[in-house]
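Structure file my_file18.txt; described as compact mmCIF, N, CA, C and O atoms.
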# COMPACT_ATOMS: atom_id res chain seq x y z
N MET H 28 48.50 -8.46 -1.14
CA MET H 28 47.75 -7.22 -1.19
C MET H 28 46.59 -7.34 -2.18
O MET H 28 45.48 -6.97 -1.88
N LEU H 29 46.86 -7.88 -3.35
CA LEU H 29 45.84 -8.02 -4.38
C LEU H 29 44.76 -9.01 -3.94
O LEU H 29 43.57 -8.78 -4.14
N LYS H 30 45.21 -10.09 -3.28
CA LYS H 30 44.26 -11.10 -2.82
C LYS H 30 43.30 -10.51 -1.78
O LYS H 30 42.11 -10.75 -1.82
N SER H 31 43.82 -9.73 -0.86
CA SER H 31 42.95 -9.14 0.17
C SER H 31 42.00 -8.14 -0.46
O SER H 31 40.86 -8.01 -0.04
N SER H 32 42.43 -7.44 -1.50
CA SER H 32 41.56 -6.50 -2.20
C SER H 32 40.44 -7.25 -2.91
O SER H 32 39.28 -6.82 -2.90
N GLU H 33 40.77 -8.38 -3.52
CA GLU H 33 39.76 -9.20 -4.18
C GLU H 33 38.77 -9.76 -3.16
O GLU H 33 37.57 -9.79 -3.40
N GLU H 34 39.27 -10.19 -2.01
CA GLU H 34 38.40 -10.72 -0.95
C GLU H 34 37.43 -9.65 -0.46
O GLU H 34 36.26 -9.92 -0.22
N MET H 35 37.93 -8.43 -0.31
CA MET H 35 37.07 -7.33 0.12
C MET H 35 35.99 -7.06 -0.92
O MET H 35 34.83 -6.80 -0.59
N GLY H 36 36.38 -7.13 -2.19
CA GLY H 36 35.42 -6.92 -3.27
C GLY H 36 34.33 -7.98 -3.25
O GLY H 36 33.15 -7.69 -3.42
N VAL H 37 34.73 -9.23 -3.03
CA VAL H 37 33.77 -10.33 -2.97
C VAL H 37 32.84 -10.15 -1.77
O VAL H 37 31.62 -10.30 -1.89
N LYS H 38 33.39 -9.79 -0.63
CA LYS H 38 32.57 -9.57 0.56
C LYS H 38 31.58 -8.42 0.35
O LYS H 38 30.43 -8.49 0.75
N TYR H 39 32.06 -7.37 -0.30
CA TYR H 39 31.20 -6.23 -0.59
C TYR H 39 30.05 -6.65 -1.50
O TYR H 39 28.90 -6.29 -1.26
N MET H 40 30.35 -7.40 -2.54
CA MET H 40 29.31 -7.85 -3.47
C MET H 40 28.31 -8.77 -2.77
O MET H 40 27.10 -8.69 -3.01
N GLN H 41 28.79 -9.65 -1.91
CA GLN H 41 27.90 -10.53 -1.18
C GLN H 41 26.97 -9.72 -0.27
O GLN H 41 25.77 -9.98 -0.20
N ALA H 42 27.52 -8.75 0.42
CA ALA H 42 26.71 -7.91 1.30
C ALA H 42 25.68 -7.13 0.48
O ALA H 42 24.52 -7.00 0.88
N TRP H 43 26.09 -6.64 -0.67
CA TRP H 43 25.18 -5.89 -1.54
C TRP H 43 24.04 -6.79 -2.02
O TRP H 43 22.88 -6.39 -2.01
N GLU H 44 24.36 -8.01 -2.43
CA GLU H 44 23.35 -8.95 -2.89
C GLU H 44 22.37 -9.30 -1.77
O GLU H 44 21.17 -9.43 -1.99
N GLU H 45 22.89 -9.46 -0.56
CA GLU H 45 22.03 -9.75 0.59
C GLU H 45 21.07 -8.59 0.85
O GLU H 45 19.90 -8.79 1.13
N ARG H 46 21.58 -7.36 0.77
CA ARG H 46 20.72 -6.18 0.96
C ARG H 46 19.63 -6.12 -0.10
O ARG H 46 18.48 -5.82 0.19
N LEU H 47 19.99 -6.39 -1.34
CA LEU H 47 19.01 -6.39 -2.42
C LEU H 47 17.93 -7.45 -2.20
O LEU H 47 16.75 -7.21 -2.44
N GLN H 48 18.35 -8.61 -1.71
CA GLN H 48 17.40 -9.68 -1.44
C GLN H 48 16.43 -9.27 -0.33
O GLN H 48 15.22 -9.50 -0.44
N VAL H 49 16.93 -8.66 0.71
CA VAL H 49 16.08 -8.20 1.81
C VAL H 49 15.10 -7.14 1.31
O VAL H 49 13.91 -7.17 1.63
N LEU H 50 15.59 -6.22 0.49
CA LEU H 50 14.71 -5.19 -0.06
C LEU H 50 13.62 -5.80 -0.94
O LEU H 50 12.46 -5.40 -0.87
N GLU H 51 13.98 -6.77 -1.76
CA GLU H 51 13.01 -7.41 -2.64
C GLU H 51 11.96 -8.18 -1.83
O GLU H 51 10.77 -8.14 -2.15
N GLU H 52 12.39 -8.85 -0.78
CA GLU H 52 11.45 -9.56 0.08
C GLU H 52 10.50 -8.57 0.75
O GLU H 52 9.30 -8.81 0.84
N GLY H 53 11.04 -7.45 1.21
CA GLY H 53 10.21 -6.42 1.84
C GLY H 53 9.21 -5.84 0.86
O GLY H 53 8.05 -5.60 1.20
N ARG H 54 9.64 -5.64 -0.36
CA ARG H 54 8.75 -5.11 -1.40
C ARG H 54 7.62 -6.10 -1.67
O ARG H 54 6.46 -5.71 -1.77
N SER H 55 7.93 -7.37 -1.74
CA SER H 55 6.91 -8.39 -1.99
C SER H 55 5.88 -8.43 -0.86
O SER H 55 4.68 -8.50 -1.11
N VAL H 56 6.36 -8.37 0.36
CA VAL H 56 5.46 -8.37 1.52
C VAL H 56 4.58 -7.13 1.50
O VAL H 56 3.37 -7.20 1.71
N GLY H 57 5.17 -5.99 1.21
CA GLY H 57 4.41 -4.74 1.15
C GLY H 57 3.35 -4.76 0.07
O GLY H 57 2.22 -4.30 0.28
N LEU H 58 3.68 -5.30 -1.09
CA LEU H 58 2.70 -5.40 -2.17
C LEU H 58 1.55 -6.31 -1.78
O LEU H 58 0.38 -6.01 -2.04
N GLU H 59 1.86 -7.42 -1.16
CA GLU H 59 0.82 -8.36 -0.73
C GLU H 59 -0.10 -7.71 0.31
O GLU H 59 -1.33 -7.82 0.22
N GLU H 60 0.49 -7.01 1.27
CA GLU H 60 -0.31 -6.33 2.28
C GLU H 60 -1.18 -5.24 1.66
O GLU H 60 -2.34 -5.08 2.03
N GLY H 61 -0.62 -4.50 0.71
CA GLY H 61 -1.37 -3.46 0.03
C GLY H 61 -2.53 -4.03 -0.76
O GLY H 61 -3.63 -3.47 -0.77
N LEU H 62 -2.31 -5.14 -1.42
CA LEU H 62 -3.36 -5.80 -2.19
C LEU H 62 -4.49 -6.25 -1.27
O LEU H 62 -5.67 -6.04 -1.56
N GLU H 63 -4.14 -6.86 -0.16
CA GLU H 63 -5.15 -7.31 0.81
C GLU H 63 -5.97 -6.13 1.34
O GLU H 63 -7.19 -6.21 1.46
N LYS H 64 -5.29 -5.04 1.65
CA LYS H 64 -5.97 -3.84 2.15
C LYS H 64 -6.91 -3.29 1.08
O LYS H 64 -8.04 -2.89 1.38
N GLY H 65 -6.46 -3.27 -0.16
CA GLY H 65 -7.28 -2.77 -1.26
C GLY H 65 -8.52 -3.62 -1.48
O GLY H 65 -9.62 -3.09 -1.73
N ILE H 66 -8.37 -4.92 -1.40
CA ILE H 66 -9.51 -5.83 -1.56
C ILE H 66 -10.52 -5.61 -0.44
O ILE H 66 -11.73 -5.50 -0.69
N LYS H 67 -10.03 -5.52 0.78
CA LYS H 67 -10.91 -5.30 1.93
C LYS H 67 -11.66 -3.97 1.80
O LYS H 67 -12.86 -3.90 2.03
N LEU H 68 -10.95 -2.93 1.40
CA LEU H 68 -11.55 -1.62 1.24
C LEU H 68 -12.60 -1.63 0.13
O LEU H 68 -13.70 -1.08 0.29
N THR H 69 -12.29 -2.28 -0.97
CA THR H 69 -13.23 -2.36 -2.09
C THR H 69 -14.51 -3.08 -1.66
O THR H 69 -15.62 -2.62 -1.97
N LYS H 70 -14.37 -4.16 -0.94
CA LYS H 70 -15.54 -4.90 -0.45
C LYS H 70 -16.40 -4.00 0.45
O LYS H 70 -17.63 -4.01 0.35
N GLU H 71 -15.75 -3.25 1.32
CA GLU H 71 -16.47 -2.37 2.24
C GLU H 71 -17.21 -1.27 1.48
O GLU H 71 -18.37 -0.96 1.77
N VAL H 72 -16.55 -0.67 0.50
CA VAL H 72 -17.18 0.39 -0.30
C VAL H 72 -18.39 -0.17 -1.04
O VAL H 72 -19.47 0.44 -1.05
N LEU H 73 -18.24 -1.33 -1.64
CA LEU H 73 -19.34 -1.93 -2.38
C LEU H 73 -20.50 -2.30 -1.45
O LEU H 73 -21.67 -2.13 -1.80
N LYS H 74 -20.17 -2.79 -0.27
CA LYS H 74 -21.21 -3.15 0.70
C LYS H 74 -21.98 -1.91 1.15
O LYS H 74 -23.23 -1.93 1.19
N LEU H 75 -21.28 -0.84 1.44
CA LEU H 75 -21.94 0.39 1.87
C LEU H 75 -22.78 0.98 0.74
O LEU H 75 -23.88 1.49 0.99
N SER H 76 -22.28 0.89 -0.47
CA SER H 76 -23.03 1.39 -1.61
C SER H 76 -24.31 0.58 -1.80
O SER H 76 -25.38 1.14 -2.07
N ALA H 77 -24.23 -0.72 -1.63
CA ALA H 77 -25.40 -1.59 -1.77
C ALA H 77 -26.44 -1.29 -0.69
O ALA H 77 -27.64 -1.50 -0.91
N LYS H 78 -25.98 -0.79 0.44
CA LYS H 78 -26.90 -0.42 1.52
C LYS H 78 -27.51 0.96 1.32
O LYS H 78 -28.27 1.44 2.15
N GLY H 79 -27.11 1.62 0.22
CA GLY H 79 -27.70 2.91 -0.09
C GLY H 79 -26.94 4.12 0.42
O GLY H 79 -27.45 5.25 0.34
N ARG H 80 -25.74 3.92 0.92
CA ARG H 80 -24.95 5.06 1.40
C ARG H 80 -24.48 5.90 0.22
O ARG H 80 -24.18 5.38 -0.85
N SER H 81 -24.40 7.20 0.42
CA SER H 81 -23.93 8.10 -0.63
C SER H 81 -22.41 8.00 -0.75
O SER H 81 -21.73 7.51 0.16
N GLU H 82 -21.90 8.49 -1.86
CA GLU H 82 -20.45 8.48 -2.06
C GLU H 82 -19.73 9.26 -0.97
O GLU H 82 -18.68 8.84 -0.49
N SER H 83 -20.28 10.39 -0.57
CA SER H 83 -19.63 11.19 0.47
C SER H 83 -19.67 10.48 1.83
O SER H 83 -18.71 10.56 2.60
N GLU H 84 -20.77 9.78 2.12
CA GLU H 84 -20.83 9.02 3.37
C GLU H 84 -19.80 7.89 3.36
O GLU H 84 -19.11 7.67 4.36
N ILE H 85 -19.70 7.21 2.24
CA ILE H 85 -18.72 6.12 2.12
C ILE H 85 -17.31 6.67 2.29
O ILE H 85 -16.48 6.07 2.99
N SER H 86 -17.06 7.81 1.69
CA SER H 86 -15.76 8.45 1.81
C SER H 86 -15.40 8.70 3.27
O SER H 86 -14.29 8.40 3.71
N GLU H 87 -16.34 9.24 4.00
CA GLU H 87 -16.10 9.53 5.42
C GLU H 87 -15.96 8.25 6.24
O GLU H 87 -15.06 8.14 7.08
N LEU H 88 -16.85 7.30 6.01
CA LEU H 88 -16.84 6.06 6.79
C LEU H 88 -15.56 5.23 6.55
O LEU H 88 -15.05 4.60 7.48
N CYS H 89 -15.09 5.25 5.33
CA CYS H 89 -13.90 4.45 4.99
C CYS H 89 -12.60 5.24 5.08
O CYS H 89 -11.51 4.69 4.87
N ASP H 90 -12.73 6.54 5.36
CA ASP H 90 -11.57 7.42 5.49
C ASP H 90 -10.72 7.42 4.21
O ASP H 90 -9.50 7.26 4.24
N ILE H 91 -11.42 7.56 3.07
CA ILE H 91 -10.75 7.68 1.78
C ILE H 91 -11.36 8.86 1.03
O ILE H 91 -12.43 9.35 1.39
N SER H 92 -10.69 9.30 -0.01
CA SER H 92 -11.18 10.45 -0.76
C SER H 92 -12.42 10.08 -1.58
O SER H 92 -12.64 8.92 -1.91
N LEU H 93 -13.18 11.09 -1.91
CA LEU H 93 -14.35 10.91 -2.76
C LEU H 93 -13.92 10.34 -4.12
O LEU H 93 -14.61 9.49 -4.69
N GLU H 94 -12.79 10.79 -4.61
CA GLU H 94 -12.26 10.28 -5.88
C GLU H 94 -11.98 8.78 -5.82
O GLU H 94 -12.29 8.03 -6.75
N GLN H 95 -11.43 8.32 -4.70
CA GLN H 95 -11.16 6.89 -4.54
C GLN H 95 -12.47 6.10 -4.50
O GLN H 95 -12.56 5.02 -5.08
N VAL H 96 -13.46 6.62 -3.81
CA VAL H 96 -14.76 5.96 -3.77
C VAL H 96 -15.32 5.83 -5.18
O VAL H 96 -15.78 4.76 -5.59
N ARG H 97 -15.24 6.89 -5.94
CA ARG H 97 -15.77 6.88 -7.31
C ARG H 97 -15.01 5.90 -8.20
O ARG H 97 -15.61 5.23 -9.04
N LYS H 98 -13.71 5.79 -8.00
CA LYS H 98 -12.93 4.83 -8.78
C LYS H 98 -13.38 3.40 -8.48
O LYS H 98 -13.47 2.57 -9.38
N ILE H 99 -13.63 3.13 -7.23
CA ILE H 99 -14.06 1.78 -6.84
C ILE H 99 -15.44 1.49 -7.40
O ILE H 99 -15.70 0.41 -7.95
N LEU H 100 -16.35 2.45 -7.27
CA LEU H 100 -17.72 2.22 -7.73
C LEU H 100 -17.83 2.23 -9.25
O LEU H 100 -18.81 1.72 -9.79
N ASP H 101 -16.86 2.78 -9.92
CA ASP H 101 -16.88 2.86 -11.38
C ASP H 101 -16.60 1.51 -12.03
O ASP H 101 -16.91 1.30 -13.19
N THR H 102 -16.02 0.59 -11.27
CA THR H 102 -15.65 -0.72 -11.83
C THR H 102 -16.82 -1.65 -11.94
O THR H 102 -17.87 -1.49 -11.45

With the file now loaded, output its structure as C-alpha cells.
Amino acid sequence: MLKSSEEMGVKYMQAWEERLQVLEEGRSVGLEEGLEKGIKLTKEVLKLSAKGRSESEISELCDISLEQVRKILDT
C-alpha cells in the first residue's frame, strides 16, 4: 500500500514537472514572438516618422495607441 502511494506521488511529481517545462517553453516562445513583433513595429513607426507622418497618422496606420507611438519616438 505504501509503495503504491509513493509511486503515485512520483508519477504526480513527474507530470507536474513536465507541465512546468511545457509552460516555460511556451513562455519563451511567446517572449521571442513578442520581441520580434515589437522590433518590427518600432521600425515601422520610425520609418513613417522619417517620412513625415504625424503621430496620429502613425497611430492609425500601425493600429497602436498615440501613447505607444510617443513612447517609440521618445527613444

What separates atom C of Asp90 of chain H and atom C of Val56 of chain H is a distance of 21.3 Å

Which residues are near segment 77-83 of chain H? Cut-off 8 Å, all atoms listed in the file, ignore same chain within fewer than 5 positions. Put them as a tab-separated table (two decimals) with N, CA, C and O atoms, keeping the file's coordinate frame.
chain	number	residue	atom	x	y	z
H	70	LYS	N	-14.37	-4.16	-0.94
H	70	LYS	CA	-15.54	-4.90	-0.45
H	70	LYS	C	-16.40	-4.00	0.45
H	70	LYS	O	-17.63	-4.01	0.35
H	71	GLU	N	-15.75	-3.25	1.32
H	71	GLU	CA	-16.47	-2.37	2.24
H	71	GLU	C	-17.21	-1.27	1.48
H	71	GLU	O	-18.37	-0.96	1.77
H	72	VAL	N	-16.55	-0.67	0.50
H	72	VAL	CA	-17.18	0.39	-0.30
H	72	VAL	C	-18.39	-0.17	-1.04
H	72	VAL	O	-19.47	0.44	-1.05
H	88	LEU	N	-16.85	7.30	6.01
H	88	LEU	CA	-16.84	6.06	6.79
H	88	LEU	C	-15.56	5.23	6.55
H	88	LEU	O	-15.05	4.60	7.48
H	89	CYS	N	-15.09	5.25	5.33
H	89	CYS	CA	-13.90	4.45	4.99
H	89	CYS	C	-12.60	5.24	5.08
H	89	CYS	O	-11.51	4.69	4.87
H	90	ASP	N	-12.73	6.54	5.36
H	90	ASP	CA	-11.57	7.42	5.49
H	90	ASP	C	-10.72	7.42	4.21
H	90	ASP	O	-9.50	7.26	4.24
H	91	ILE	N	-11.42	7.56	3.07
H	91	ILE	CA	-10.75	7.68	1.78
H	91	ILE	C	-11.36	8.86	1.03
H	91	ILE	O	-12.43	9.35	1.39
H	92	SER	N	-10.69	9.30	-0.01
H	92	SER	CA	-11.18	10.45	-0.76
H	92	SER	C	-12.42	10.08	-1.58
H	92	SER	O	-12.64	8.92	-1.91
H	93	LEU	N	-13.18	11.09	-1.91
H	93	LEU	CA	-14.35	10.91	-2.76
H	93	LEU	C	-13.92	10.34	-4.12
H	93	LEU	O	-14.61	9.49	-4.69
H	94	GLU	N	-12.79	10.79	-4.61
H	94	GLU	CA	-12.26	10.28	-5.88
H	94	GLU	C	-11.98	8.78	-5.82
H	94	GLU	O	-12.29	8.03	-6.75
H	95	GLN	N	-11.43	8.32	-4.70
H	95	GLN	CA	-11.16	6.89	-4.54
H	95	GLN	C	-12.47	6.10	-4.50
H	95	GLN	O	-12.56	5.02	-5.08
H	96	VAL	N	-13.46	6.62	-3.81
H	96	VAL	CA	-14.76	5.96	-3.77
H	96	VAL	C	-15.32	5.83	-5.18
H	96	VAL	O	-15.78	4.76	-5.59
H	97	ARG	N	-15.24	6.89	-5.94
H	97	ARG	CA	-15.77	6.88	-7.31
H	97	ARG	C	-15.01	5.90	-8.20
H	97	ARG	O	-15.61	5.23	-9.04

Between atom CA of Glu44 of chain H and atom CA of Gly61 of chain H lies a distance of 25.5 Å

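Atom pair atom N of Leu68 of chain H / atom C of Lys98 of chain H: separated by 12.0 Å.
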
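Of the residues under consideration (H:Gly53, H:Arg46, H:Gln41, H:Leu100), H:Leu100 shows the shortest atom-to-atom contact distance to Leu73 of chain H when counting all atoms listed in the file.
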
Among H:Met35, H:Leu62, H:Glu45, H:Thr69, Ile99 of chain H is approached most closely, using all atoms listed in the file, by H:Thr69

Could you put an axis-aligned box around every listed atom of segment 75-93 of chain H, padded by 5 Å on each side, and send me its centre and edge lengths in Å to one decimal, as JSON?
{"center_x": -18.9, "center_y": 4.8, "center_z": 1.4, "size_x": 28.8, "size_y": 22.8, "size_z": 22.2}
